[in-house]
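K.L.:
For reference, the file final_37.cif (mmCIF, C-alpha atoms) is included below:
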data_data
#
loop_
_atom_site.label_atom_id
_atom_site.label_comp_id
_atom_site.auth_asym_id
_atom_site.auth_seq_id
_atom_site.Cartn_x
_atom_site.Cartn_y
_atom_site.Cartn_z
CA MET A 886 -32.20 -58.21 36.23
CA THR A 887 -34.71 -56.42 38.41
CA THR A 888 -36.74 -53.41 37.39
CA ASP A 889 -34.87 -51.25 39.94
CA THR A 890 -31.52 -52.25 38.44
CA MET A 891 -32.68 -51.41 34.90
CA ASP A 892 -33.96 -48.04 36.08
CA ASP A 893 -30.64 -47.29 37.76
CA GLN A 894 -28.74 -48.13 34.55
CA LEU A 895 -31.00 -45.93 32.44
CA GLU A 896 -30.66 -43.11 34.92
CA GLY A 897 -26.88 -43.47 34.88
CA GLU A 898 -26.77 -43.39 31.08
CA GLU A 899 -28.96 -40.29 31.05
CA ARG A 900 -26.64 -38.60 33.53
CA LYS A 901 -23.66 -39.44 31.33
CA ARG A 902 -25.42 -38.07 28.26
CA GLY A 903 -26.32 -34.96 30.22
CA VAL A 904 -22.73 -34.43 31.33
CA PHE A 905 -21.47 -34.97 27.78
CA THR A 906 -24.05 -32.55 26.40
CA ARG A 907 -23.07 -29.90 28.95
CA LEU A 908 -19.41 -30.38 28.10
CA VAL A 909 -20.09 -30.00 24.37
CA LEU A 910 -22.24 -26.91 24.92
CA GLY A 911 -19.61 -25.44 27.22
CA LEU A 912 -16.88 -26.06 24.66
CA LEU A 913 -18.99 -24.51 21.90
CA SER A 914 -19.64 -21.47 24.09
CA VAL A 915 -15.92 -21.03 24.75
CA LEU A 916 -15.13 -21.38 21.04
CA TRP A 917 -17.87 -18.87 20.14
CA ILE A 918 -16.55 -16.34 22.67
CA ALA A 919 -12.99 -16.87 21.41
CA LEU A 920 -14.17 -16.36 17.81
CA VAL A 921 -16.01 -13.14 18.70
CA LEU A 922 -13.00 -11.83 20.62
CA ALA A 923 -10.67 -12.73 17.72
CA LEU A 924 -13.01 -10.95 15.30
CA PHE A 925 -13.08 -7.82 17.45
CA ALA A 926 -9.29 -7.95 17.78
CA ALA A 927 -8.87 -8.29 14.01
CA VAL A 928 -11.23 -5.38 13.36
CA ALA A 929 -9.43 -3.25 15.94
CA LEU A 930 -6.07 -4.14 14.38
CA ILE A 931 -7.27 -3.21 10.88
CA VAL A 932 -8.87 0.04 12.04
CA GLY A 933 -5.77 0.99 14.01
CA SER A 934 -3.49 0.12 11.11
CA PHE A 935 -5.63 2.14 8.69
CA ALA A 936 -5.61 5.11 11.10
CA LYS A 937 -1.80 4.90 11.29
CA PHE A 938 -1.57 4.70 7.49
CA THR A 939 -3.83 7.75 7.11
CA TYR A 940 -1.84 9.69 9.71
CA ASP A 941 1.44 8.90 7.95
CA ALA A 942 -0.07 10.03 4.64
CA SER A 943 -1.22 13.27 6.27
CA GLN A 944 2.38 13.97 7.27
CA MET A 945 3.55 13.58 3.67
CA THR A 946 3.54 17.26 2.73
CA ALA A 947 5.87 19.63 0.90
CA GLN A 948 7.04 20.86 4.31
CA SER A 949 8.09 17.33 5.31
CA VAL A 950 10.61 17.01 2.47
CA ASP A 951 14.25 16.97 3.59
CA GLN A 952 15.59 19.63 1.23
CA ASP A 953 19.22 18.97 2.15
CA ALA A 954 18.77 15.26 1.33
CA VAL A 955 17.07 16.17 -1.96
CA GLN A 956 19.95 18.43 -2.90
CA ALA A 957 22.51 15.77 -1.98
CA ALA A 958 20.75 12.98 -3.91
CA ASP A 959 22.19 11.72 -7.19
CA GLY A 960 18.97 11.46 -9.19
CA ILE A 961 15.18 11.71 -9.15
CA VAL A 962 12.53 9.11 -9.96
CA VAL A 963 8.86 9.97 -10.52
CA LEU A 964 6.11 7.37 -10.74
CA THR A 965 3.40 8.13 -13.27
CA GLY A 966 -0.26 7.78 -12.41
CA GLY A 967 -1.27 10.98 -10.70
CA ALA A 968 -1.73 14.67 -11.31
CA ASP A 969 1.24 17.03 -10.87
CA ARG A 970 3.79 14.28 -10.15
CA ILE A 971 5.86 14.87 -13.29
CA LYS A 972 5.65 18.65 -12.99
CA GLU A 973 6.83 18.45 -9.36
CA ALA A 974 9.71 16.13 -10.30
CA VAL A 975 10.81 18.39 -13.16
CA GLY A 976 10.71 21.33 -10.75
CA LEU A 977 13.04 19.50 -8.38
CA MET A 978 15.35 18.65 -11.27
CA GLN A 979 15.49 22.27 -12.47
CA ARG A 980 16.38 23.54 -9.00
CA ASP A 981 19.50 21.41 -9.14
CA GLY A 982 20.60 21.31 -12.76
CA ASP A 983 23.06 18.41 -12.50
CA LYS A 984 20.45 15.75 -11.66
CA ARG A 985 18.81 13.38 -14.08
CA LEU A 986 15.17 12.39 -13.84
CA LEU A 987 13.62 8.98 -14.54
CA ILE A 988 9.92 8.90 -15.40
CA THR A 989 8.82 5.32 -14.81
CA GLY A 990 5.61 3.63 -15.90
CA VAL A 991 5.12 5.66 -19.08
CA ASN A 992 2.67 4.31 -21.64
CA PRO A 993 4.61 2.74 -24.56
CA GLN A 994 2.72 5.02 -26.97
CA THR A 995 3.64 8.23 -25.10
CA ASP A 996 6.66 10.25 -26.18
CA LEU A 997 8.43 13.26 -24.66
CA ASP A 998 6.38 15.69 -26.70
CA ALA A 999 3.13 14.27 -25.30
CA ILE A 1000 4.51 14.34 -21.76
CA ALA A 1001 5.58 17.98 -22.23
CA ARG A 1002 2.16 19.01 -23.59
CA THR A 1003 0.20 17.12 -20.94
CA ASN A 1004 2.20 18.65 -18.11
CA ASP A 1005 2.67 22.12 -19.64
CA LEU A 1006 6.46 21.73 -19.80
CA ASP A 1007 9.17 22.78 -22.22
CA GLU A 1008 10.16 19.71 -24.23
CA ALA A 1009 13.77 20.93 -24.32
CA VAL A 1010 13.94 20.52 -20.54
CA LEU A 1011 12.84 16.91 -20.85
CA THR A 1012 15.13 16.15 -23.79
CA CYS A 1013 18.29 17.17 -21.96
CA CYS A 1014 17.92 15.46 -18.64
CA VAL A 1015 15.08 12.93 -18.61
CA ASP A 1016 15.08 9.15 -19.05
CA ILE A 1017 11.87 7.23 -19.65
CA ASP A 1018 10.89 3.74 -18.56
CA ARG A 1019 8.02 2.15 -20.47
CA THR A 1020 8.22 -1.34 -18.94
CA ALA A 1021 6.70 -0.82 -15.48
CA LEU A 1022 3.03 -1.70 -15.07
CA ASP A 1023 2.73 -1.24 -11.31
CA THR A 1024 4.66 -0.08 -8.24
CA ILE A 1025 6.73 -3.26 -8.11
CA GLY A 1026 7.72 -2.67 -11.73
CA ASN A 1027 8.47 0.99 -10.99
CA ALA A 1028 10.84 -0.05 -8.22
CA GLN A 1029 12.58 -2.65 -10.39
CA ALA A 1030 13.03 -0.19 -13.28
CA ALA A 1031 14.35 2.48 -10.92
CA ALA A 1032 16.79 -0.02 -9.38
CA LEU A 1033 18.21 -0.88 -12.81
CA TRP A 1034 18.45 2.82 -13.68
CA ALA A 1035 20.22 3.68 -10.41
CA GLU A 1036 22.65 0.79 -10.87
CA GLU A 1037 23.38 1.80 -14.46
CA LYS A 1038 24.04 5.41 -13.43
CA GLY A 1039 26.00 4.45 -10.33
CA TYR A 1040 23.63 6.34 -8.03
CA SER A 1041 23.71 5.74 -4.29
CA SER A 1042 20.77 8.01 -3.43
CA ILE A 1043 17.61 8.99 -5.28
CA VAL A 1044 14.56 11.17 -4.68
CA VAL A 1045 11.21 9.38 -5.04
CA VAL A 1046 8.29 11.51 -6.27
CA THR A 1047 4.73 10.20 -6.02
CA SER A 1048 1.46 11.10 -4.29
CA ASN A 1049 1.23 11.41 -0.52
CA ILE A 1050 -0.98 8.34 -0.09
CA HIS A 1051 1.13 6.26 -2.50
CA MET A 1052 4.47 7.20 -0.96
CA ARG A 1053 4.54 4.65 1.85
CA ARG A 1054 4.03 1.68 -0.49
CA SER A 1055 6.45 3.13 -3.02
CA MET A 1056 9.19 3.50 -0.43
CA LEU A 1057 8.58 -0.07 0.72
CA GLU A 1058 8.90 -1.50 -2.79
CA PHE A 1059 11.86 0.74 -3.68
CA SER A 1060 13.72 -0.26 -0.52
CA ARG A 1061 13.19 -3.92 -1.41
CA ALA A 1062 14.41 -3.43 -4.97
CA MET A 1063 17.50 -1.40 -4.01
CA PRO A 1064 18.34 -1.87 -0.32
CA ALA A 1065 21.75 -0.22 -0.68
CA VAL A 1066 20.37 3.01 -2.18
CA ARG A 1067 19.31 5.89 0.04
CA LEU A 1068 15.72 6.97 -0.71
CA VAL A 1069 14.39 10.49 -0.15
CA ALA A 1070 10.62 10.99 -0.19
CA ALA A 1071 9.24 13.98 -2.07
CA PRO A 1072 5.45 13.58 -1.87
CA VAL A 1073 2.89 15.36 -4.02
CA GLU A 1074 -0.08 16.29 -1.86
CA VAL A 1075 -2.96 15.03 -3.99
CA HIS A 1076 -5.35 14.74 -1.04
CA ASP A 1077 -5.20 17.28 1.79
CA LEU A 1078 -5.38 15.17 4.96
CA SER A 1079 -4.15 17.85 7.36
CA GLY A 1080 -7.58 18.47 8.90
CA LEU A 1081 -10.82 16.53 9.11
CA ASP A 1082 -12.54 17.95 6.03
CA TRP A 1083 -11.30 15.05 3.91
CA MET A 1084 -13.57 12.71 5.91
CA GLN A 1085 -16.53 14.12 3.99
CA ASP A 1086 -14.81 13.47 0.66
CA ARG A 1087 -15.75 10.13 -0.90
CA THR A 1088 -12.88 10.35 -3.38
CA ALA A 1089 -10.36 10.67 -0.55
CA TRP A 1090 -11.91 7.76 1.34
CA ARG A 1091 -11.87 5.55 -1.74
CA ALA A 1092 -8.27 6.45 -2.54
CA LEU A 1093 -7.13 5.82 1.04
CA ILE A 1094 -8.93 2.51 1.44
CA THR A 1095 -7.70 1.25 -1.93
CA GLU A 1096 -4.11 2.30 -1.29
CA TYR A 1097 -4.19 0.92 2.26
CA GLY A 1098 -5.30 -2.45 0.90
CA LYS A 1099 -2.46 -2.45 -1.62
CA TYR A 1100 0.03 -1.40 1.06
CA ALA A 1101 -1.14 -4.17 3.41
CA ALA A 1102 -0.79 -6.70 0.58
CA ALA A 1103 2.70 -5.37 -0.19
CA ARG A 1104 3.68 -5.85 3.44
CA LEU A 1105 2.52 -9.46 3.21
CA ARG A 1106 4.19 -10.11 -0.14
CA THR A 1107 7.01 -12.04 1.54
CA TYR A 1108 4.41 -14.60 2.65
CA LEU A 1109 1.81 -14.34 -0.13
CA GLY A 1110 4.12 -14.15 -3.13
CA GLU A 1111 4.50 -11.47 -5.77
CA ASP A 1112 2.00 -12.91 -8.25
CA LEU A 1113 -0.84 -13.03 -5.71
CA VAL A 1114 -0.17 -9.47 -4.55
CA ARG A 1115 -0.19 -8.18 -8.11
CA TRP A 1116 -3.44 -10.03 -8.81
CA ALA A 1117 -5.05 -8.53 -5.68
CA ALA A 1118 -3.89 -5.02 -6.63
CA THR A 1119 -5.37 -5.46 -10.12
CA ARG A 1120 -8.69 -6.58 -8.65
CA MET A 1121 -8.78 -3.51 -6.39
CA ILE A 1122 -8.21 -1.22 -9.36
CA GLN A 1123 -11.04 -2.93 -11.28
CA ARG A 1124 -13.45 -2.63 -8.36
CA THR A 1125 -12.75 1.07 -7.78
CA ALA A 1126 -12.63 2.09 -11.45
#
Go ahead and render the structure in this file as structure tokens.
P.N.:
Amino acid sequence: MTTDTMDDQLEGEERKRGVFTRLVLGLLSVLWIALVLALFAAVALIVGSFAKFTYDASQMTAQSVDQDAVQAADGIVVLTGGADRIKEAVGLMQRDGDKRLLITGVNPQTDLDAIARTNDLDEAVLTCCVDIDRTALDTIGNAQAAALWAEEKGYSSIVVVTSNIHMRRSMLEFSRAMPAVRLVAAPVEVHDLSGLDWMQDRTAWRALITEYGKYAAARLRTYLGEDLVRWAATRMIQRTA
């Protein structure tokens, strides 16, 4: 083999390696661009979804409640865990004296007297028309307890009382637990989201972000499974406590 032939072979191999290197670098560049675009798309999706969640929560006001639907409902369910929820639910019950109220998620050590004192209510009002669930530990449990209660009472429509930022997740879980029951939202406006002042409130931001994360997990529960969603919700509570 002549020197010229060997040089030609080496040059050909170098050209092949160069072409291969350019192909690999081109492929890596395309993958990097695709990854960056996917990341931007994911961020945009999350931000947009959070904005929609916040907007929906801002519309959950006393003025948004369908009073005719509340009056026509068979019973009322209030989820414990926030200020003024029980007092608001009792107020709705008293406006229409033939409705019963379920308070779900009550601490096993808490009795009617303690509930009355904590919420500045007459215990006689609670004794006559209130049922208590002490089994629920989270929103999924609240929905399951309320479904059993509604079935036992033969109710086809109930009013759901909880905070404005918690309402969307509550309605989702309640609709899953009792798809045949009509649900009427009666939100308690814990955080005023009507303007932009709340954006300077760290407490409001923390509450919204935490609840949005739980809501997103609840939406994915069909794919993730109930145990994983409950674990994630517990971790969020621990991190924000």
K.L.:
Could you give me, as a ChimeraX atom specification, the residues that have an atom at most 10 Å away from the point (6.9, 17.1, -27.5) in the coordinates of the file, using all atoms listed in the file?
P.N.:
/A:995-1003,1006-1009,1011-1012
K.L.:
At a cut-off of 7 Å, using only C-alpha atoms, what residues contact Ser1041 (chain A)? Leave out same-chain residues fewer than 6 positions from it and give the result as a list of chain:residue names.
P.N.:
A:Asp959, A:Val1066, A:Arg1067
K.L.:
Expressed in Å to a single decimal, how great is the separation between CA of Gly960 (chain A) and CA of Val1044 (chain A)?
P.N.:
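Pair CA of Gly960 (chain A) / CA of Val1044 (chain A) returns 6.3 Å.
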K.L.:
Between CA of Ala1101 (chain A) and CA of Ile961 (chain A), what distance in Å does the model show, to one decimal?
P.N.:
26.0 Å
K.L.:
Determine the residue membership of the PyMOL selection byres ((chain A and resi 1093) around 10) for the file above and supply it as JSON, numbers by chain.
P.N.:
{"A": [935, 938, 939, 942, 1050, 1051, 1076, 1087, 1088, 1089, 1090, 1091, 1092, 1094, 1095, 1096, 1097, 1098, 1099]}
K.L.:
What would the selection look like, as number ranges by chain, if the PyMOL selection byres ((chain A and resi 1014-1027) around 8) were run on the coordinates I just shared?
P.N.:
A: 964, 984-993, 1010-1013, 1028-1031, 1054-1055, 1058-1059
K.L.:
Using Å and a single decimal, report how far CA of Ile1043 (chain A) sits from CA of Pro1064 (chain A).
P.N.:
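Interatomic distance here is 12.0 Å.
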